[in-house]
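Asker: So that we are looking at the same thing, I have put the structure below in structure tokens.
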Amino acid sequence: MHLILRKGAFLAVFGAILLACDTPYWELTPNEDASETLDTIQFKGERVVIPGNFPKELFHQTQEEFDVYYESISGKGNARTSGEVVLITYEELLPILVKHNAKYPLITSEEGILEKDLERVFRDFPDITTHEEANEKRALIYDFYQALCKRDVVAEVVALEGVKRENGRILGPESGGLTTPEKNHLLLNPGYAQWYVQAAQDAINLATTLFGNAVVGNKGNAFKHSTWNALSIRFILKGSPASENQAIDFTQDGCSKHEQNDNGLQIHDKDSAMDLHNNMSAREWMENETSWGFGPFRKMPSVDEIINNMHSKANSCAMHNMVDILNWHGGDNSVTWNNLFNNLYSPNQHLVHVMP
């Protein structure tokens, strides 16, 4: 399939761009003060060096703490009062994530920490002195750089929302914008978010190519959601030092928040039931088809295998109503809805659509 080959080439170039860029944010900032002070703090038991003016509340943030932080600097509270909700799209968010993640070392389970990034790591972690020790602590090092990256990403997203608000570009959920819960979930971890958003954008483009459209409730939409979940898990595992649970949990949480309204309330309708079911089916398939070994011993479906499997399932999936879908998961009750929103896996692997 030419589409898949082109996609593979794109991802290869995309990865090369990431490998080529690792200059820290404060080294790129124009007119920086060369005398800027540095500070040494403890991060998860390690001494780390950070810019003296870096907001330390960005370290060790829970989702709830980040939500409060984001609202405090974005003016979102005023927007809620006025009824204006500015939503950004995956297409808008992806280049922001790519640009800022590229300023920090690329750290994965398979490659560990690259030789070219060691000088940066040794400078930022003064007690880490060998490549072996750096690789042993790669997850901690990755988390540290994610906190640094978060500041840069948040600043640019807030600025983008401000421009859109001033220009009157107020989107609704049907326009393809991220809900506030989904966006905040992504901004808390920009590294995972980049791969999640890349998967979403790829799934949207593939659905349009293979099905003509991905209208809410149709077979193209079933393909989009299932492919999005499966690709996100694969991309996160290949592009970061994430564990199985971290990759699946991040994907599940983001895709479930996609089915919430801007206030974080669950949406209980046939379209959400369909999407949540298809999300779970894709995660179940990925879990069953993947050997969660470490690094080169990890095996999982390729991009082509994911696309072909979900394409086949979506093409042949049956149309059902919301009652049928809910009955597969326990019936129309609060427990079932909570399971659909919060469970990582499903007893099912089939897809479903709710409209022709």
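All residue names refer to the structure tokens as shown: chains lettered A, B, ... in order, residues numbered from 1 in each chain, ligands numbered from 1 in order.
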If DSSP is run on the backbone, what residues of stretch 99-186 of chain A are strand (DSSP E or B)? A reply as a list in words would be ideal.

Answerer: Ile107, Thr108, Gly112, Ile113 and Gly177 of chain A

Asker: Produce a file of the selected residues containing N, CA, C and O atoms, as a PDB file, in the first residue's frame.

Answerer:
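Generated output (out37.pdb):
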ATOM      1  N   ILE A 107      15.291   9.864  24.513  1.00  0.00           N
ATOM      2  CA  ILE A 107      15.566   8.716  25.373  1.00  0.00           C
ATOM      3  C   ILE A 107      14.503   7.656  25.113  1.00  0.00           C
ATOM      4  O   ILE A 107      13.309   7.926  25.230  1.00  0.00           O
ATOM      5  N   THR A 108      14.936   6.449  24.746  1.00  0.00           N
ATOM      6  CA  THR A 108      14.006   5.360  24.477  1.00  0.00           C
ATOM      7  C   THR A 108      14.430   4.110  25.229  1.00  0.00           C
ATOM      8  O   THR A 108      15.553   4.011  25.731  1.00  0.00           O
ATOM      9  N   GLY A 112      18.247   3.662  24.739  1.00  0.00           N
ATOM     10  CA  GLY A 112      18.762   4.271  25.957  1.00  0.00           C
ATOM     11  C   GLY A 112      19.106   5.726  25.710  1.00  0.00           C
ATOM     12  O   GLY A 112      18.431   6.428  24.965  1.00  0.00           O
ATOM     13  N   ILE A 113      20.180   6.192  26.328  1.00  0.00           N
ATOM     14  CA  ILE A 113      20.648   7.565  26.148  1.00  0.00           C
ATOM     15  C   ILE A 113      21.785   7.555  25.140  1.00  0.00           C
ATOM     16  O   ILE A 113      22.763   6.822  25.293  1.00  0.00           O
ATOM     17  N   GLY A 177     -11.513  19.950  17.920  1.00  0.00           N
ATOM     18  CA  GLY A 177     -10.664  20.457  18.980  1.00  0.00           C
ATOM     19  C   GLY A 177     -10.548  19.480  20.132  1.00  0.00           C
ATOM     20  O   GLY A 177     -11.428  18.661  20.367  1.00  0.00           O
TER      21      GLY A 177
END

Asker: If you count only C-alpha atoms, which residues fall within 9 Å of stretch 193-207 of chain A, apart from same-chain ones fewer than 4 positions away, as number ranges by chain?

Answerer: A: 3-4, 7, 90-91, 93-98, 101, 185-189, 211-214, 220-221, 223-236, 239, 250-251, 254, 307, 311

Asker: Quick one: residues within 12 Å of A:Gln252, only C-alpha atoms, excluding same-chain residues fewer than 4 positions away - as an MDAnalysis selection string?

Answerer: chainID A and resid 182 185:186 196 225:226 228:230 232:233 245:248 256:259 275:284 339:346

Asker: Residues of stretch 97-177 of chain A that approach stretch 34-48 of chain A to 8 Å or less, counting only C-alpha atoms: could you list each one with the shortest pair of atoms and its distance in Å to one decimal, rows by chain and increasing residue number, as CSV?

Answerer:
residue,atom,partner,partner_atom,distance
A:Asp124,CA,A:Val48,CA,5.4
A:Phe125,CA,A:Val48,CA,4.8
A:Pro126,CA,A:Arg47,CA,6.8
A:Asp127,CA,A:Arg47,CA,6.7
A:Leu140,CA,A:Lys44,CA,7.4
A:Phe144,CA,A:Phe43,CA,7.4

Asker: Using only C-alpha atoms, can you tell me which of A:Arg123, A:Lys183, A:His353, A:Arg165 comes closest to A:Cys255?

Answerer: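 Of A:Arg123, A:Lys183, A:His353, A:Arg165, the one nearest A:Cys255 is A:Lys183, counting only C-alpha atoms.
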
Asker: Could you check which of A:Pro190, A:Pro241, A:Ser272, A:Leu87 is closest to A:Gly168, using only C-alpha atoms?

Answerer: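 Closest to A:Gly168, using only C-alpha atoms: A:Leu87.
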
Asker: For atom CA of A:Asn327 and atom CA of A:Ala314, quote the distance in Å rounded to one decimal.

Answerer: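 Separation between atom CA of A:Asn327 and atom CA of A:Ala314: 20.4 Å.
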
Asker: Fewer than 2 positions away in the same chain doesn't count, so skip those; otherwise give me all residues within 7 Å of A:His350, counting only C-alpha atoms, as an NGL selection string.

Answerer: :A and (281 or 313 or 348 or 352)
